[in-house]
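Colleague: There's a structure below that I have some questions on.
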Amino acid sequence: MELFKFDYDAIEALVGTRTGSYKGLDSRALYTSREDFESIFSHSLVTGTFVDLGCGIGEGCLLYSWLYPDRHSIGVDFELSRIEAGLKIKEELKLEAVSFLHQDLLQGDIPLGDTYFLYFPTGIVLDRILSELYQSNRDFRVVAIESHGDLFPRLEKENWLKLVATIPLKSERHHPMAQVYERTTEPRSSSLGPFELSFQEKFLLIEEGDIAWLGESYGLEWTHDDRFELLTPPRTIYWNQVKEILSFDQIDVKFRRALEIRRLGGVTVKTLSSEITGHIRKVIVRPTFHLEISSGEKVEWSHIVTITQGSILCYDSSSA
């Protein structure tokens with residue numbers, strides 16, 4: 001019997017294209033099945049207030065309230081159309097113990113709960129969730145289903161989370177089991193420092209051979225061992241190459257303009273003898289101040305006459 005009736009196509013037609021919305025993804029991949037939720041909810045460790053972080057249309061929260069009317073459930077999602085779909089079913093079935101929050105998980109507080117559910121949060125969103133949960137200093141459990149193939153390895157790095165149970169799943173996933181973790185009293189390892197930076201606006205001084213250049217921490221994504229992917233600029237780095245972590249106002253004034261221009265996207269860099277069009281990749285600060293462009297060319301900052309983006313003048317050496 002279909003308990004909750006959703007018009008998935010109508011809901012998804014209203015979903016935006018922002019990264020993390022997974023617009024157009026088949027509902028069977030986008031959402032956890034009712035059968036799997038029932039298996040999870042019947043486990044003895046899944047108790048108290050249930051919080052689905054990235055709940056979509058909120059089927060899990062609705063089902064939890066339907067099965068356990070005396071327990072509270074909270075769904076959080078940044079896509080308004082999905083939240084509104086869940087609210088509609090809540091009102092139709094008069095499920096008073098369900099709450100839905102239209103909220104970006106990169107901002108705002110994580111709701112207090114006893115059991116947190118993770119399926120699709122990845123990258124910087126997952127980093128912030130784990131940071132906030134650790135700092136809450138509360139006892140709780142985390143139930144996770146592997147969505148992309150890298151969630152469980154990421155959770156295993158959190159030394160303060162202990163794997164205490166597995167729950168068989170009926171739907172085909174990257175891993176046949178949901179995993180249940182408990183918060184422990186162990187202090188969070190200092191080696192997890194990079195994961196605190198991925199959702200912050202910091203700058204990384206990176207040494208490669210005889211050069212040092214500035215990358216941005218926001219969007220930093222762990223891939224394996226000591227290896228990370230930068231968003232700005234798009235580069236693979238190893239954490240042992242990072243020598244300093246800086247705020248913008250700690251950076252020498254002469255480098256700041258180049259960092260600001262890099263964020264603009266494609267530009268044209270003119271010197272007295274050349275014109276290069278592309279994206280600024282590396283802002284190299286040692287041994288000399290120069291830029292690496294996406295074309296592979298490098299240009300000394302002191303040789304640059306102007307930097308433009310279309311008709312907009314971004315930098316003019318004559319007025320610097």
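Labels used: A, B, ... for chains in the order of the structure tokens, numbers from 1 for residues in each chain, and numbers from 1 for ligands as shown.
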Quick one: everything within 12 Å of Pro153 in chain A, counting only C-alpha atoms, minus sequence neighbours fewer than 6 positions away in the same chain. Send it as a ChimeraX atom specification.
Modeller: /A:122,144-147,159,163,175,179,222-225
Colleague: When you look at Gly24 in chain A with a cut-off of 10 Å (counting only C-alpha atoms), what residues show up, excluding the ones that are within fewer than 4 positions of it in the same chain? I need them as a PyMOL selection string.
Modeller: chain A and resi 9+12-13+15+17+30
Colleague: Write out as an MDAnalysis selection string which residues come within 8 Å of Thr277 in chain A when counting only C-alpha atoms, dropping same-chain ones fewer than 3 positions away.
Modeller: chainID A and resid 266:269 293 295
Colleague: Please extract the residues of range 119-293 of chain A with a backbone DSSP assignment of strand (DSSP E or B) and present them as a PyMOL selection string.
Modeller: chain A and resi 141-144+161-168+177-183+203-208+211-216+221-224+227-230+235-238+242-246+266-271+275-286+290-293
Colleague: Restricted to C-alpha atoms, what would the selected residues look like written as a PDB file, in the first residue's frame?
Modeller:
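The file below, selection.pdb, is the result:
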```pdb
ATOM      1  CA  ARG A 141      23.634   8.218  16.946  1.00  0.00           C
ATOM      2  CA  VAL A 142      24.213   8.607  13.221  1.00  0.00           C
ATOM      3  CA  VAL A 143      22.601   6.248  10.710  1.00  0.00           C
ATOM      4  CA  ALA A 144      24.238   6.422   7.293  1.00  0.00           C
ATOM      5  CA  LEU A 161      32.273   8.253  16.024  1.00  0.00           C
ATOM      6  CA  LYS A 162      32.133   4.532  16.791  1.00  0.00           C
ATOM      7  CA  LEU A 163      30.527   2.021  14.435  1.00  0.00           C
ATOM      8  CA  VAL A 164      28.157   0.013  16.639  1.00  0.00           C
ATOM      9  CA  ALA A 165      25.722  -1.741  14.283  1.00  0.00           C
ATOM     10  CA  THR A 166      24.778  -2.477  10.689  1.00  0.00           C
ATOM     11  CA  ILE A 167      21.292  -2.814   9.213  1.00  0.00           C
ATOM     12  CA  PRO A 168      20.636  -4.846   6.029  1.00  0.00           C
ATOM     13  CA  MET A 177      24.130  -2.215   4.881  1.00  0.00           C
ATOM     14  CA  ALA A 178      23.203   0.981   6.649  1.00  0.00           C
ATOM     15  CA  GLN A 179      25.765   1.730   9.350  1.00  0.00           C
ATOM     16  CA  VAL A 180      24.987   3.043  12.828  1.00  0.00           C
ATOM     17  CA  TYR A 181      27.537   5.148  14.704  1.00  0.00           C
ATOM     18  CA  GLU A 182      27.525   6.427  18.267  1.00  0.00           C
ATOM     19  CA  ARG A 183      29.066   9.600  19.607  1.00  0.00           C
ATOM     20  CA  PHE A 203      43.644  30.790   2.088  1.00  0.00           C
ATOM     21  CA  LEU A 204      46.250  28.044   1.935  1.00  0.00           C
ATOM     22  CA  LEU A 205      49.918  28.744   1.288  1.00  0.00           C
ATOM     23  CA  ILE A 206      51.012  25.705  -0.702  1.00  0.00           C
ATOM     24  CA  GLU A 207      54.599  24.754  -1.494  1.00  0.00           C
ATOM     25  CA  GLU A 208      55.387  22.785  -4.644  1.00  0.00           C
ATOM     26  CA  ILE A 211      57.402  27.767  -5.665  1.00  0.00           C
ATOM     27  CA  ALA A 212      54.708  28.775  -3.192  1.00  0.00           C
ATOM     28  CA  TRP A 213      51.196  29.717  -4.243  1.00  0.00           C
ATOM     29  CA  LEU A 214      47.833  30.597  -2.703  1.00  0.00           C
ATOM     30  CA  GLY A 215      44.755  28.399  -2.931  1.00  0.00           C
ATOM     31  CA  GLU A 216      41.377  28.763  -1.218  1.00  0.00           C
ATOM     32  CA  GLU A 221      37.320  18.073  -0.777  1.00  0.00           C
ATOM     33  CA  TRP A 222      39.093  15.013   0.548  1.00  0.00           C
ATOM     34  CA  THR A 223      39.636  12.189  -1.937  1.00  0.00           C
ATOM     35  CA  HIS A 224      42.072   9.717  -0.387  1.00  0.00           C
ATOM     36  CA  ARG A 227      45.072  14.034  -1.039  1.00  0.00           C
ATOM     37  CA  PHE A 228      42.521  16.816  -1.486  1.00  0.00           C
ATOM     38  CA  GLU A 229      40.906  18.628  -4.392  1.00  0.00           C
ATOM     39  CA  LEU A 230      40.775  22.423  -4.357  1.00  0.00           C
ATOM     40  CA  ARG A 235      43.963  21.504  -8.393  1.00  0.00           C
ATOM     41  CA  THR A 236      44.966  18.336  -6.568  1.00  0.00           C
ATOM     42  CA  ILE A 237      47.089  18.969  -3.495  1.00  0.00           C
ATOM     43  CA  TYR A 238      48.545  16.954  -0.641  1.00  0.00           C
ATOM     44  CA  VAL A 242      50.117  23.283   3.027  1.00  0.00           C
ATOM     45  CA  LYS A 243      52.482  25.464   5.051  1.00  0.00           C
ATOM     46  CA  GLU A 244      50.188  28.233   6.301  1.00  0.00           C
ATOM     47  CA  ILE A 245      46.481  28.888   6.751  1.00  0.00           C
ATOM     48  CA  LEU A 246      45.644  32.565   6.320  1.00  0.00           C
ATOM     49  CA  GLY A 266      37.796  34.212 -17.404  1.00  0.00           C
ATOM     50  CA  VAL A 267      39.914  37.312 -18.015  1.00  0.00           C
ATOM     51  CA  THR A 268      42.359  38.759 -20.528  1.00  0.00           C
ATOM     52  CA  VAL A 269      45.836  39.553 -19.233  1.00  0.00           C
ATOM     53  CA  LYS A 270      47.845  42.056 -21.280  1.00  0.00           C
ATOM     54  CA  THR A 271      51.549  42.755 -21.079  1.00  0.00           C
ATOM     55  CA  GLU A 275      47.788  38.996 -24.533  1.00  0.00           C
ATOM     56  CA  ILE A 276      46.623  35.899 -22.680  1.00  0.00           C
ATOM     57  CA  THR A 277      42.992  34.869 -22.225  1.00  0.00           C
ATOM     58  CA  GLY A 278      41.914  32.311 -19.649  1.00  0.00           C
ATOM     59  CA  HIS A 279      41.286  31.755 -15.953  1.00  0.00           C
ATOM     60  CA  ILE A 280      43.845  32.669 -13.332  1.00  0.00           C
ATOM     61  CA  ARG A 281      44.843  29.428 -11.648  1.00  0.00           C
ATOM     62  CA  LYS A 282      47.828  29.784  -9.361  1.00  0.00           C
ATOM     63  CA  VAL A 283      48.671  33.059  -7.670  1.00  0.00           C
ATOM     64  CA  ILE A 284      52.361  32.364  -7.118  1.00  0.00           C
ATOM     65  CA  VAL A 285      53.996  34.382  -4.347  1.00  0.00           C
ATOM     66  CA  ARG A 286      57.481  32.859  -4.273  1.00  0.00           C
ATOM     67  CA  HIS A 290      53.411  35.799 -10.942  1.00  0.00           C
ATOM     68  CA  LEU A 291      50.239  34.183 -12.257  1.00  0.00           C
ATOM     69  CA  GLU A 292      49.635  30.819 -13.879  1.00  0.00           C
ATOM     70  CA  ILE A 293      46.825  30.998 -16.443  1.00  0.00           C
TER      71      ILE A 293
END
```
Colleague: Let me make sure I understand: among A:Phe6, A:Asp70, A:Ile307, A:Asn240, which one has the smallest atom-to-atom distance to Gly265 in chain A if we use only C-alpha atoms?
Modeller: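 The answer is A:Ile307, which sits nearest to Gly265 in chain A.
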Colleague: Which neighbours of Phe37 in chain A fall inside 8 Å, counting only C-alpha atoms, when residues of the same chain fewer than 5 positions from it are skipped, and could you give them as a list of chain:residue names?
Modeller: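 That gives A:Thr32, A:Gly60, A:Leu63.
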Colleague: Those residues you just picked out, can you put them in a file as a CSV table (one decimal), in the first residue's frame with C-alpha atoms?
Modeller:
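Writing done, so here's result33.csv:
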```csv
chain,number,residue,atom,x,y,z
A,32,THR,CA,15.6,5.9,0.7
A,60,GLY,CA,11.5,9.2,6.3
A,63,LEU,CA,7.0,7.5,8.2
```
Colleague: Would you kindly return, as a list in words, each protein, DNA or RNA residue with an atom no farther than 12 Å from any atom of Ser190 in chain A, considering only C-alpha atoms and excluding same-chain residues fewer than 2 positions away?
Modeller: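 Here the qualifying residues turn out to be Lys157, Glu158, Asn159, Trp160, Glu186, Pro187, Arg188, Leu192, Gly193, Pro194, Phe195 and Glu196 of chain A.
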Colleague: Could the residues in this selection be saved with N, CA and C atoms as a PDB file, in the first residue's frame?
Modeller:
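The file below, again-v7.pdb, is the result:
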```pdb
ATOM      1  N   LYS A 157      36.965   8.336   9.266  1.00  0.00           N
ATOM      2  CA  LYS A 157      38.032   9.235   9.683  1.00  0.00           C
ATOM      3  C   LYS A 157      37.678   9.979  10.973  1.00  0.00           C
ATOM      4  N   GLU A 158      36.393  10.044  11.290  1.00  0.00           N
ATOM      5  CA  GLU A 158      35.960  10.760  12.498  1.00  0.00           C
ATOM      6  C   GLU A 158      36.151   9.850  13.711  1.00  0.00           C
ATOM      7  N   ASN A 159      37.268  10.016  14.385  1.00  0.00           N
ATOM      8  CA  ASN A 159      37.648   9.100  15.469  1.00  0.00           C
ATOM      9  C   ASN A 159      36.690   9.130  16.661  1.00  0.00           C
ATOM     10  N   TRP A 160      35.880  10.168  16.749  1.00  0.00           N
ATOM     11  CA  TRP A 160      34.931  10.295  17.868  1.00  0.00           C
ATOM     12  C   TRP A 160      33.600   9.598  17.582  1.00  0.00           C
ATOM     13  N   GLU A 186      35.665  10.587  22.992  1.00  0.00           N
ATOM     14  CA  GLU A 186      37.020  10.799  22.489  1.00  0.00           C
ATOM     15  C   GLU A 186      37.134  12.163  21.814  1.00  0.00           C
ATOM     16  N   PRO A 187      38.164  12.953  22.147  1.00  0.00           N
ATOM     17  CA  PRO A 187      38.353  14.251  21.482  1.00  0.00           C
ATOM     18  C   PRO A 187      38.607  14.061  19.992  1.00  0.00           C
ATOM     19  N   ARG A 188      38.127  14.977  19.217  1.00  0.00           N
ATOM     20  CA  ARG A 188      38.311  14.892  17.768  1.00  0.00           C
ATOM     21  C   ARG A 188      39.785  15.067  17.414  1.00  0.00           C
ATOM     22  N   LEU A 192      42.036  16.033  11.653  1.00  0.00           N
ATOM     23  CA  LEU A 192      40.817  16.369  10.922  1.00  0.00           C
ATOM     24  C   LEU A 192      40.699  17.867  10.667  1.00  0.00           C
ATOM     25  N   GLY A 193      41.746  18.615  10.987  1.00  0.00           N
ATOM     26  CA  GLY A 193      41.737  20.058  10.769  1.00  0.00           C
ATOM     27  C   GLY A 193      41.348  20.492   9.366  1.00  0.00           C
ATOM     28  N   PRO A 194      41.841  19.826   8.309  1.00  0.00           N
ATOM     29  CA  PRO A 194      41.459  20.240   6.950  1.00  0.00           C
ATOM     30  C   PRO A 194      39.955  20.228   6.707  1.00  0.00           C
ATOM     31  N   PHE A 195      39.236  19.327   7.374  1.00  0.00           N
ATOM     32  CA  PHE A 195      37.790  19.228   7.171  1.00  0.00           C
ATOM     33  C   PHE A 195      37.032  20.381   7.833  1.00  0.00           C
ATOM     34  N   GLU A 196      37.715  21.105   8.716  1.00  0.00           N
ATOM     35  CA  GLU A 196      37.123  22.298   9.319  1.00  0.00           C
ATOM     36  C   GLU A 196      37.240  23.501   8.389  1.00  0.00           C
TER      37      GLU A 196
END
```
